[in-house]
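File shown: query15.csv (CSV, C-alpha atoms).
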chain,number,residue,atom,x,y,z
A,944,MET,CA,-8.6,-12.7,21.8
A,945,THR,CA,-5.2,-12.8,23.5
A,946,SER,CA,-2.1,-12.5,21.4
A,947,VAL,CA,1.3,-14.0,22.2
A,948,LYS,CA,4.0,-11.6,21.3
A,949,ALA,CA,6.2,-14.0,19.4
A,950,GLN,CA,3.3,-15.7,17.7
A,951,LYS,CA,2.5,-15.0,14.0
A,952,ILE,CA,-0.7,-13.0,13.7
A,953,HIS,CA,-2.6,-14.9,10.9
A,954,SER,CA,-5.2,-12.2,10.4
A,955,ILE,CA,-2.5,-9.5,9.7
A,956,HIS,CA,-0.8,-12.0,7.4
A,957,VAL,CA,-3.9,-12.5,5.3
A,958,LEU,CA,-4.6,-8.7,5.2
A,959,ARG,CA,-1.1,-8.2,3.8
A,960,GLY,CA,-1.9,-10.6,1.0
A,961,LEU,CA,-5.2,-8.9,0.3
A,962,ALA,CA,-3.5,-5.5,0.3
A,963,ILE,CA,-1.0,-6.3,-2.4
A,964,ILE,CA,-3.7,-7.8,-4.6
A,965,MET,CA,-5.9,-4.7,-4.3
A,966,ILE,CA,-2.9,-2.4,-4.9
A,967,VAL,CA,-2.2,-4.3,-8.2
A,968,PHE,CA,-5.9,-4.2,-9.0
A,969,SER,CA,-6.0,-0.4,-8.5
A,970,HIS,CA,-3.1,0.1,-10.9
A,971,SER,CA,-4.7,-2.3,-13.3
A,972,LEU,CA,-7.9,-0.2,-13.3
A,973,GLY,CA,-5.6,2.8,-14.1
A,974,VAL,CA,-4.7,1.2,-17.4
A,975,PHE,CA,-8.1,2.2,-18.7
A,976,LYS,CA,-7.8,6.0,-19.2
A,977,ASN,CA,-11.1,7.0,-20.8
A,978,SER,CA,-12.1,10.1,-18.9
A,979,GLY,CA,-15.8,9.2,-19.1
A,980,LEU,CA,-15.6,5.8,-17.4
A,981,ILE,CA,-16.2,7.0,-13.9
A,982,ALA,CA,-19.0,9.4,-15.0
A,983,ASN,CA,-20.7,6.8,-17.2
A,984,SER,CA,-20.2,3.5,-15.3
A,985,TYR,CA,-21.3,3.0,-11.7
A,986,LEU,CA,-19.5,-0.3,-11.6
A,987,PHE,CA,-16.2,1.0,-12.8
A,988,SER,CA,-16.5,4.0,-10.5
A,989,PHE,CA,-17.2,1.8,-7.5
A,990,LEU,CA,-14.3,-0.5,-8.3
A,991,ASN,CA,-12.0,2.5,-8.8
A,992,LEU,CA,-13.1,4.0,-5.4
A,993,PHE,CA,-13.0,0.8,-3.4
A,994,ALA,CA,-9.6,-0.4,-4.8
A,995,PHE,CA,-8.0,3.0,-4.3
A,996,ASN,CA,-5.6,3.7,-1.4
A,997,PHE,CA,-5.1,0.1,-0.1
A,998,THR,CA,-1.6,1.5,0.6
A,999,THR,CA,-3.3,2.5,3.9
A,1000,PHE,CA,-3.4,-1.2,4.8
A,1001,PHE,CA,0.3,-1.6,4.3
A,1002,VAL,CA,1.0,1.4,6.6
A,1003,LEU,CA,-1.5,0.1,9.2
A,1004,ILE,CA,0.1,-3.4,9.1
A,1005,ALA,CA,3.6,-1.9,9.4
A,1006,GLY,CA,2.5,0.1,12.5
A,1007,PHE,CA,0.6,-2.8,14.0
A,1008,LEU,CA,3.6,-5.1,13.6
A,1009,PHE,CA,6.0,-2.5,14.9
A,1010,GLN,CA,4.0,-2.4,18.1
A,1011,HIS,CA,3.7,-6.2,18.2
A,1012,LEU,CA,7.5,-6.6,18.0
A,1013,THR,CA,8.6,-3.8,20.3
A,1014,TYR,CA,9.7,-6.5,22.9
A,1015,LYS,CA,12.7,-7.2,20.8
A,1016,PHE,CA,13.4,-3.8,19.4
A,1017,ASP,CA,17.1,-3.0,18.9
A,1018,THR,CA,18.0,0.2,17.1
A,1019,LYS,CA,21.1,-1.1,15.3
A,1020,THR,CA,19.3,-4.4,14.2
A,1021,TYR,CA,16.2,-2.5,13.2
A,1022,TYR,CA,18.1,0.0,11.0
A,1023,LEU,CA,20.2,-2.7,9.4
A,1024,SER,CA,17.2,-4.8,8.6
A,1025,LYS,CA,15.3,-1.8,7.0
A,1026,PHE,CA,18.4,-0.9,5.0
A,1027,LYS,CA,18.7,-4.4,3.6
A,1028,THR,CA,15.0,-5.0,2.9
A,1029,VAL,CA,13.7,-1.5,2.0
A,1030,VAL,CA,16.5,0.9,1.0
A,1031,CYS,CA,18.5,-1.5,-1.1
A,1032,PRO,CA,15.7,-2.9,-3.2
A,1033,TYR,CA,14.4,0.7,-3.6
A,1034,ILE,CA,17.8,1.7,-5.0
A,1035,SER,CA,18.1,-1.4,-7.2
A,1036,VAL,CA,14.5,-1.1,-8.7
A,1037,SER,CA,15.1,2.7,-9.3
A,1038,ILE,CA,18.3,2.0,-11.1
A,1039,PHE,CA,16.5,-0.5,-13.4
A,1040,CYS,CA,13.8,2.2,-14.0
A,1041,PHE,CA,16.5,4.8,-14.9
A,1042,PHE,CA,17.8,2.6,-17.6
A,1043,PHE,CA,14.5,1.1,-18.8
A,1044,PHE,CA,12.1,4.0,-18.6
A,1045,HIS,CA,14.2,7.2,-18.3
A,1046,TYR,CA,17.3,6.5,-20.3
A,1047,GLN,CA,16.3,8.7,-23.2
A,1048,TYR,CA,15.5,11.6,-20.9
A,1049,LEU,CA,18.6,11.2,-18.7
A,1050,SER,CA,21.0,10.7,-21.6
A,1051,GLY,CA,19.9,14.0,-23.1
A,1052,LEU,CA,21.0,15.9,-19.9
A,1053,PRO,CA,24.5,17.1,-19.0
A,1054,PHE,CA,26.1,14.8,-16.4
A,1055,TYR,CA,26.4,17.5,-13.8
A,1056,SER,CA,25.5,21.2,-13.8
A,1057,SER,CA,25.0,23.7,-11.0
A,1058,THR,CA,22.9,26.0,-13.2
A,1059,GLU,CA,20.5,23.6,-15.0
A,1060,THR,CA,18.9,20.2,-14.7
A,1061,SER,CA,21.5,17.6,-15.0
A,1062,MET,CA,21.6,13.8,-15.0
A,1063,VAL,CA,22.8,13.8,-11.4
A,1064,SER,CA,20.1,16.3,-10.2
A,1065,ALA,CA,17.3,14.5,-12.0
A,1066,ILE,CA,18.3,11.1,-10.5
A,1067,VAL,CA,18.6,12.6,-7.0
A,1068,LYS,CA,15.2,14.2,-7.4
A,1069,MET,CA,13.6,11.0,-8.6
A,1070,MET,CA,15.1,9.1,-5.7
A,1071,LEU,CA,14.0,11.7,-3.1
A,1072,THR,CA,10.5,11.8,-4.4
A,1073,GLY,CA,10.0,8.2,-5.6
A,1074,THR,CA,9.0,9.3,-9.1
A,1075,ALA,CA,11.1,6.8,-11.1
A,1076,LEU,CA,8.0,4.5,-11.1
A,1077,LEU,CA,4.5,5.1,-9.9
A,1078,PRO,CA,4.4,2.8,-6.8
A,1079,LEU,CA,7.8,4.1,-5.6
A,1080,TRP,CA,6.3,7.3,-4.3
A,1081,PHE,CA,5.7,5.2,-1.1
A,1082,MET,CA,9.3,4.5,-0.5
A,1083,PRO,CA,10.8,7.9,0.6
A,1084,MET,CA,7.8,8.4,2.9
A,1085,ILE,CA,8.0,4.9,4.6
A,1086,ILE,CA,11.8,5.3,4.9
A,1087,ILE,CA,11.4,8.5,6.9
A,1088,ILE,CA,8.9,6.6,9.1
A,1089,TYR,CA,11.4,3.8,9.6
A,1090,LEU,CA,14.1,6.4,10.5
A,1091,MET,CA,11.8,7.5,13.3
A,1092,GLY,CA,11.9,4.0,14.8
A,1093,PRO,CA,13.5,4.9,18.1
A,1094,ARG,CA,11.0,7.7,18.7
A,1095,LEU,CA,8.1,5.5,17.7
A,1096,TYR,CA,9.5,2.9,20.1
A,1097,SER,CA,9.4,5.4,23.0
A,1098,TRP,CA,5.8,6.2,22.1
A,1099,SER,CA,4.9,2.6,22.0
A,1100,LYS,CA,5.4,2.4,25.8
A,1101,LYS,CA,2.7,5.1,26.3
A,1102,SER,CA,-1.1,4.8,25.8
A,1103,LEU,CA,-1.9,5.6,22.2
A,1104,ILE,CA,-5.7,5.5,22.3
A,1105,ILE,CA,-6.2,9.3,22.3
A,1106,ALA,CA,-3.4,9.8,19.8
A,1107,GLY,CA,-4.9,7.2,17.5
A,1108,LEU,CA,-8.4,8.8,17.6
A,1109,ILE,CA,-6.8,12.2,16.8
A,1110,CYS,CA,-4.9,10.6,13.9
A,1111,MET,CA,-8.2,9.2,12.5
A,1112,PHE,CA,-9.7,12.7,12.6
A,1113,TRP,CA,-6.5,14.2,11.1
A,1114,VAL,CA,-6.5,12.0,7.9
A,1115,VAL,CA,-10.0,13.3,7.1
A,1116,MET,CA,-9.0,16.9,7.4
A,1117,PHE,CA,-5.5,16.7,5.9
A,1118,THR,CA,-6.1,15.1,2.5
A,1119,LYS,CA,-3.7,12.7,0.7
A,1120,PRO,CA,-1.3,15.0,-1.2
A,1121,ASP,CA,0.3,14.6,-4.6
A,1122,PHE,CA,2.3,11.4,-4.6
A,1123,THR,CA,5.5,13.4,-5.6
A,1124,LYS,CA,5.6,15.1,-2.2
A,1125,PRO,CA,7.0,12.7,0.4
A,1126,LEU,CA,7.0,15.1,3.3
A,1127,LEU,CA,3.4,15.9,2.9
A,1128,ASN,CA,2.6,12.2,2.4
A,1129,LEU,CA,4.5,11.7,5.7
A,1130,LEU,CA,2.1,14.1,7.3
A,1131,HIS,CA,-0.8,12.0,6.0
A,1132,TYR,CA,0.4,8.5,6.4
A,1133,GLY,CA,2.6,9.0,9.6
A,1134,PRO,CA,-0.6,9.3,11.6
A,1135,VAL,CA,-1.9,6.1,9.9
A,1136,TYR,CA,1.2,4.3,11.0
A,1137,LEU,CA,0.6,5.5,14.6
A,1138,THR,CA,-3.1,4.3,14.3
A,1139,GLY,CA,-1.8,0.9,13.4
A,1140,MET,CA,0.3,0.9,16.6
A,1141,MET,CA,-2.7,2.0,18.6
A,1142,ILE,CA,-4.9,-0.8,17.1
A,1143,LYS,CA,-2.4,-3.4,18.2
A,1144,GLN,CA,-1.9,-1.8,21.6
A,1145,ASN,CA,-5.7,-1.8,22.2
A,1146,TYR,CA,-6.5,-4.9,20.1
A,1147,GLU,CA,-8.8,-6.7,22.6
A,1148,LYS,CA,-10.7,-3.5,23.6
A,1149,ILE,CA,-11.2,-2.6,19.9
A,1150,MET,CA,-12.4,-6.1,19.0
A,1151,LYS,CA,-14.9,-6.0,21.9
A,1152,ALA,CA,-16.1,-2.6,20.9
A,1153,VAL,CA,-16.6,-3.7,17.3
A,1154,LYS,CA,-18.5,-6.8,18.5
A,1155,ASP,CA,-20.8,-4.8,20.7
A,1156,ASN,CA,-21.4,-2.2,18.0
A,1157,LEU,CA,-20.9,-4.2,14.8
A,1158,ILE,CA,-23.9,-2.8,12.9
A,1159,LEU,CA,-22.9,0.8,13.8
A,1160,VAL,CA,-19.3,0.2,12.7
A,1161,MET,CA,-20.4,-1.4,9.4
A,1162,PHE,CA,-22.8,1.5,8.8
A,1163,PHE,CA,-19.9,4.0,9.4
A,1164,PHE,CA,-17.8,2.1,6.9
A,1165,CYS,CA,-20.6,2.2,4.3
A,1166,LEU,CA,-21.0,5.9,4.9
A,1167,CYS,CA,-17.3,6.6,4.3
A,1168,LEU,CA,-17.6,4.6,1.1
A,1169,PHE,CA,-20.9,6.1,0.0
A,1170,ILE,CA,-20.2,9.8,0.5
A,1171,PRO,CA,-17.2,10.1,-1.9
A,1172,TYR,CA,-19.0,7.7,-4.3
A,1173,ALA,CA,-22.2,9.8,-4.3
A,1174,TYR,CA,-20.6,13.2,-4.7
A,1175,ARG,CA,-19.0,12.0,-8.0
A,1176,TYR,CA,-22.6,12.2,-9.3
A,1177,VAL,CA,-24.0,15.1,-7.3
A,1178,SER,CA,-23.0,18.6,-8.1
A,1179,TYR,CA,-23.0,19.8,-4.5
A,1180,PHE,CA,-22.9,17.4,-1.6
A,1181,GLY,CA,-21.6,19.6,1.2
A,1182,VAL,CA,-18.6,17.5,2.1
A,1183,GLU,CA,-16.3,17.8,-0.9
A,1184,ASN,CA,-13.5,19.3,1.2
A,1185,LEU,CA,-13.3,16.3,3.5
A,1186,TYR,CA,-11.2,13.2,2.6
A,1187,TYR,CA,-12.8,9.9,3.4
A,1188,ASP,CA,-10.6,7.4,1.5
A,1189,THR,CA,-8.0,6.8,4.2
A,1190,LEU,CA,-10.5,6.7,7.0
A,1191,GLN,CA,-12.6,4.3,5.0
A,1192,LYS,CA,-9.6,1.9,4.7
A,1193,ILE,CA,-8.9,2.3,8.5
A,1194,VAL,CA,-12.4,1.3,9.4
A,1195,LEU,CA,-12.3,-1.6,6.8
A,1196,PHE,CA,-9.0,-2.7,8.3
A,1197,ILE,CA,-10.6,-2.9,11.8
A,1198,LEU,CA,-13.6,-4.7,10.5
A,1199,ALA,CA,-11.4,-7.2,8.7
A,1200,LEU,CA,-9.4,-7.8,11.8
A,1201,TYR,CA,-12.6,-8.6,13.7
A,1202,PHE,CA,-14.0,-11.0,11.1
A,1203,LEU,CA,-10.6,-12.7,10.7
A,1204,ASP,CA,-9.8,-12.9,14.4
A,1205,SER,CA,-10.9,-16.5,14.7
A,1206,ILE,CA,-8.0,-17.7,12.4
A,1207,ASN,CA,-5.6,-16.5,15.0
A,1208,HIS,CA,-6.6,-19.3,17.3
A,1209,LYS,CA,-6.5,-22.3,15.0
A,1210,THR,CA,-4.2,-24.1,12.5
A,1211,ASN,CA,-4.9,-22.7,9.1
A,1212,GLU,CA,-4.6,-25.3,6.3
A,1213,GLY,CA,-7.3,-24.2,3.9
A,1214,LYS,CA,-6.6,-23.3,0.3
A,1215,VAL,CA,-7.9,-19.8,0.7
A,1216,TYR,CA,-5.6,-19.1,3.6
A,1217,LYS,CA,-2.7,-20.6,1.9
A,1218,PHE,CA,-3.3,-18.4,-1.2
A,1219,PHE,CA,-3.4,-15.2,0.8
A,1220,SER,CA,-0.5,-16.3,3.0
A,1221,TYR,CA,1.6,-16.9,-0.1
A,1222,MET,CA,0.7,-13.5,-1.5
A,1223,ALA,CA,1.6,-12.0,1.8
A,1224,ASN,CA,5.0,-13.8,1.8
A,1225,ILE,CA,5.8,-12.4,-1.6
A,1226,SER,CA,4.0,-9.0,-1.3
A,1227,PHE,CA,7.1,-6.8,-1.1
A,1228,PRO,CA,8.7,-8.2,-4.3
A,1229,VAL,CA,5.4,-8.0,-6.1
A,1230,TYR,CA,5.0,-4.4,-4.9
A,1231,PHE,CA,8.3,-3.5,-6.6
A,1232,ILE,CA,7.8,-5.5,-9.8
A,1233,HIS,CA,4.1,-5.2,-10.6
A,1234,GLU,CA,4.0,-1.8,-12.2
A,1235,ILE,CA,6.8,-2.7,-14.6
A,1236,VAL,CA,4.8,-5.7,-15.6
A,1237,ILE,CA,1.6,-3.6,-16.1
A,1238,LEU,CA,3.4,-1.1,-18.3
A,1239,LEU,CA,4.9,-3.8,-20.5
A,1240,LEU,CA,1.5,-5.6,-20.7
A,1241,GLU,CA,-0.1,-2.3,-21.6
A,1242,GLN,CA,2.4,-1.7,-24.4
A,1243,GLN,CA,1.7,-5.2,-25.8
A,1244,VAL,CA,-2.1,-4.6,-25.7
A,1245,ILE,CA,-1.8,-1.2,-27.4
A,1246,ALA,CA,0.3,-2.8,-30.2
A,1247,SER,CA,-2.2,-5.7,-30.6
A,1248,PRO,CA,-5.5,-5.8,-32.6
A,1249,PHE,CA,-7.2,-5.2,-29.2
A,1250,GLY,CA,-5.4,-1.9,-28.6
A,1251,ASP,CA,-8.6,0.1,-28.6
A,1252,ILE,CA,-9.9,-1.7,-25.5
A,1253,ILE,CA,-7.6,0.6,-23.4
A,1254,LYS,CA,-9.7,3.6,-24.6
A,1255,THR,CA,-13.1,1.9,-24.1
A,1256,GLY,CA,-15.9,3.9,-22.6
A,1257,ASN,CA,-17.7,0.7,-21.6
A,1258,GLY,CA,-17.3,0.4,-17.8
A,1259,GLU,CA,-18.2,-3.3,-17.7
A,1260,LEU,CA,-15.6,-4.1,-20.4
A,1261,ALA,CA,-13.0,-2.0,-18.7
A,1262,ALA,CA,-13.7,-3.7,-15.3
A,1263,LEU,CA,-13.3,-7.1,-17.0
A,1264,GLY,CA,-10.1,-5.9,-18.7
A,1265,ALA,CA,-8.7,-4.7,-15.3
A,1266,ILE,CA,-9.4,-8.1,-13.8
A,1267,SER,CA,-7.5,-9.7,-16.7
A,1268,PHE,CA,-4.6,-7.3,-16.1
A,1269,LEU,CA,-4.7,-8.1,-12.4
A,1270,ILE,CA,-4.5,-11.9,-12.9
A,1271,SER,CA,-1.8,-11.6,-15.6
A,1272,THR,CA,0.2,-9.1,-13.6
A,1273,LEU,CA,0.2,-11.2,-10.4
A,1274,LEU,CA,1.2,-14.4,-12.3
A,1275,ILE,CA,4.0,-12.7,-14.1
A,1276,SER,CA,5.2,-10.8,-11.1
A,1277,VAL,CA,5.3,-13.9,-8.9
A,1278,LEU,CA,7.1,-15.8,-11.6
A,1279,ILE,CA,9.7,-13.0,-12.0
A,1280,ALA,CA,10.1,-12.7,-8.2
A,1281,ASN,CA,10.7,-16.5,-7.9
A,1282,LEU,CA,13.1,-16.5,-10.8
A,1283,ILE,CA,15.2,-13.7,-9.2
A,1284,LYS,CA,15.1,-15.5,-5.9
A,1285,PHE,CA,16.2,-18.7,-7.6
A,1286,ILE,CA,19.1,-17.0,-9.3
A,1287,PHE,CA,20.3,-14.7,-6.5
A,1288,LYS,CA,19.2,-16.9,-3.5
A,1289,ASP,CA,19.4,-14.8,-0.2
A,1290,LYS,CA,20.8,-11.8,-2.1
A,1291,ALA,CA,17.4,-11.4,-3.9
A,1292,LYS,CA,16.1,-9.3,-0.9
A,1293,PHE,CA,18.6,-6.6,-1.9
A,1294,LEU,CA,17.2,-6.4,-5.4
A,1295,ILE,CA,13.4,-6.8,-5.0
A,1296,GLY,CA,12.8,-6.9,-1.2
A,1297,GLY,CA,12.5,-9.9,1.1
A,1298,SER,CA,10.0,-12.7,0.9
A,1299,ARG,CA,8.6,-13.8,4.2
As structure tokens, please, write out the structure in this file.
Amino acid sequence: MTSVKAQKIHSIHVLRGLAIIMIVFSHSLGVFKNSGLIANSYLFSFLNLFAFNFTTFFVLIAGFLFQHLTYKFDTKTYYLSKFKTVVCPYISVSIFCFFFFHYQYLSGLPFYSSTETSMVSAIVKMMLTGTALLPLWFMPMIIIIYLMGPRLYSWSKKSLIIAGLICMFWVVMFTKPDFTKPLLNLLHYGPVYLTGMMIKQNYEKIMKAVKDNLILVMFFFCLCLFIPYAYRYVSYFGVENLYYDTLQKIVLFILALYFLDSINHKTNEGKVYKFFSYMANISFPVYFIHEIVILLLEQQVIASPFGDIIKTGNGELAALGAISFLISTLLISVLIANLIKFIFKDKAKFLIGGSR
């Protein structure tokens, strides 16, 4: 299970494609807002729980690849790259949202005021908290992590196994905070990033440990999934104050790396690999675009004769509707991303993020 530094890690590439699909699916499930769905439908509840927080995969992948590419780390090049491919598209998508979703609110405010909420202060607050659009909460937090690049680089030269294990314990105790609080999200996802670095640094050891204890690791994953699922239906389970969702995704990530490890050692030409590879290549643009598409599709459905489906209490129907939203959103998002790339060529990365 050796890894050549400059070589593309196919398993990580596939998991990036899987992660963006599951993030879009999670937001598609969120379209169906009947408060009784989770309580009344075991299927919808399971899908809701399993699809939730695949952002953890993105953070783990970012940490994993940072560790993988430390051999060519250069501070100036690193910062310039992140500014072009992360900060610039964040600004451009936010500006679009200000005009498209927040114009009425912003236009009703004074341009600037030192005593009350103004257009300037409202925009600054939305930029600092990532609240212009639901998925953008992630951006201020990950930008702070990227700013810590030189410090993380120095840590990458040290053994991270103990730090990674502590981080996995930490994310259970320090629950995922409100998405509007980037500094608290940093305290939750920063350790996840470090865990990703640790997994890459100790990749062969971890893969061997999983191979030797596969049943135990799978049982642990199922336990992390079952406990939060069960206490949705049990009045007192004794573990309500612990947070399993992020740990669950970390363990799933490690299991996925194990089962996908074989594709790192062969030429991958299959249709399934090509699909996930393509989704991985376009994952960042889709991340920026998909929620806009979901909101527009939701508006169209509400205005149609099928509008009541959004309020359905039938879990199976809501799950089927979410899958329909997922497929439609992915197709439209990919189409828009390719159209923007066709029009703006290499400049598209400044607008919607870079395609790999």
For Phe1041 of chain A, find every residue with an atom within 9 Å (counting only C-alpha atoms), except residues of its own chain fewer than 5 positions away, and show them as a ChimeraX atom specification.
/A:1036,1046,1049,1066,1075
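The closest residue to Leu980 of chain A, picked from A:Leu1238, A:Ile1206, A:Ile1270, A:Leu1260 and counting only C-alpha atoms, is A:Leu1260.
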Ranking A:Phe1231, A:Phe1000, A:Phe1007, A:Tyr1055 by minimum distance to Gly1073 of chain A and counting only C-alpha atoms, which one comes first?
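For Gly1073 of chain A, the nearest of the given residues is A:Phe1231.
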At what distance in Å, to one decimal, does atom CA of Val974 of chain A lie from atom CA of Gly960 of chain A?
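Distance between the two atoms: 22.0 Å.
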Residues near His1131 of chain A, anyone? I mean within 10 Å using all atoms listed in the file, not counting same-chain ones fewer than 4 positions away, as a ChimeraX atom specification.
/A:1084,1110,1113-1120,1125-1127,1135-1136,1189
Could you list, as a VMD selection string, every residue within 7 Å of segment 1095-1104 of chain A, counting all atoms listed in the file and ignoring same-chain residues fewer than 2 positions away?
chain A and resid 1010 1013 1091 to 1093 1106 to 1108 1141
Take atom CA of Leu1077 of chain A and atom CA of Leu1200 of chain A and report the distance between them in Å, one decimal.
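The value is 28.8 Å.
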Can you tell me which residues surround Leu1269 of chain A at a distance of at most 8 Å, considering only C-alpha atoms, apart from same-chain residues fewer than 2 positions away, and format the answer as a ChimeraX atom specification?
/A:964,967-968,971,1265-1267,1271-1273
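Candidate residues A:Ser1064, A:Cys1167, A:Ile1253, A:Glu1212 were compared for distance to Leu1185 of chain A, and the nearest is A:Cys1167, using only C-alpha atoms.
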Pick from A:Asn991, A:Pro1228, A:Met1062, A:Leu1203 nearest to Tyr1216 of chain A, counting all atoms listed in the file:
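Of the candidates, the smallest distance to Tyr1216 of chain A is held by A:Leu1203.
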Residues at most 10 Å from Val957 of chain A, counting only C-alpha atoms, excluding those fewer than 4 positions away in the same chain, as a PyMOL selection string?
chain A and resi 952-953+961-962+1199-1200+1203+1206+1215-1224
Restricting the calculation to only C-alpha atoms: of A:Ile1004, A:Ile1170, A:Leu1079, A:Leu1052, which residue gets closest to Ser1035 of chain A?
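That would be A:Leu1079, the residue with the smallest distance to Ser1035 of chain A.
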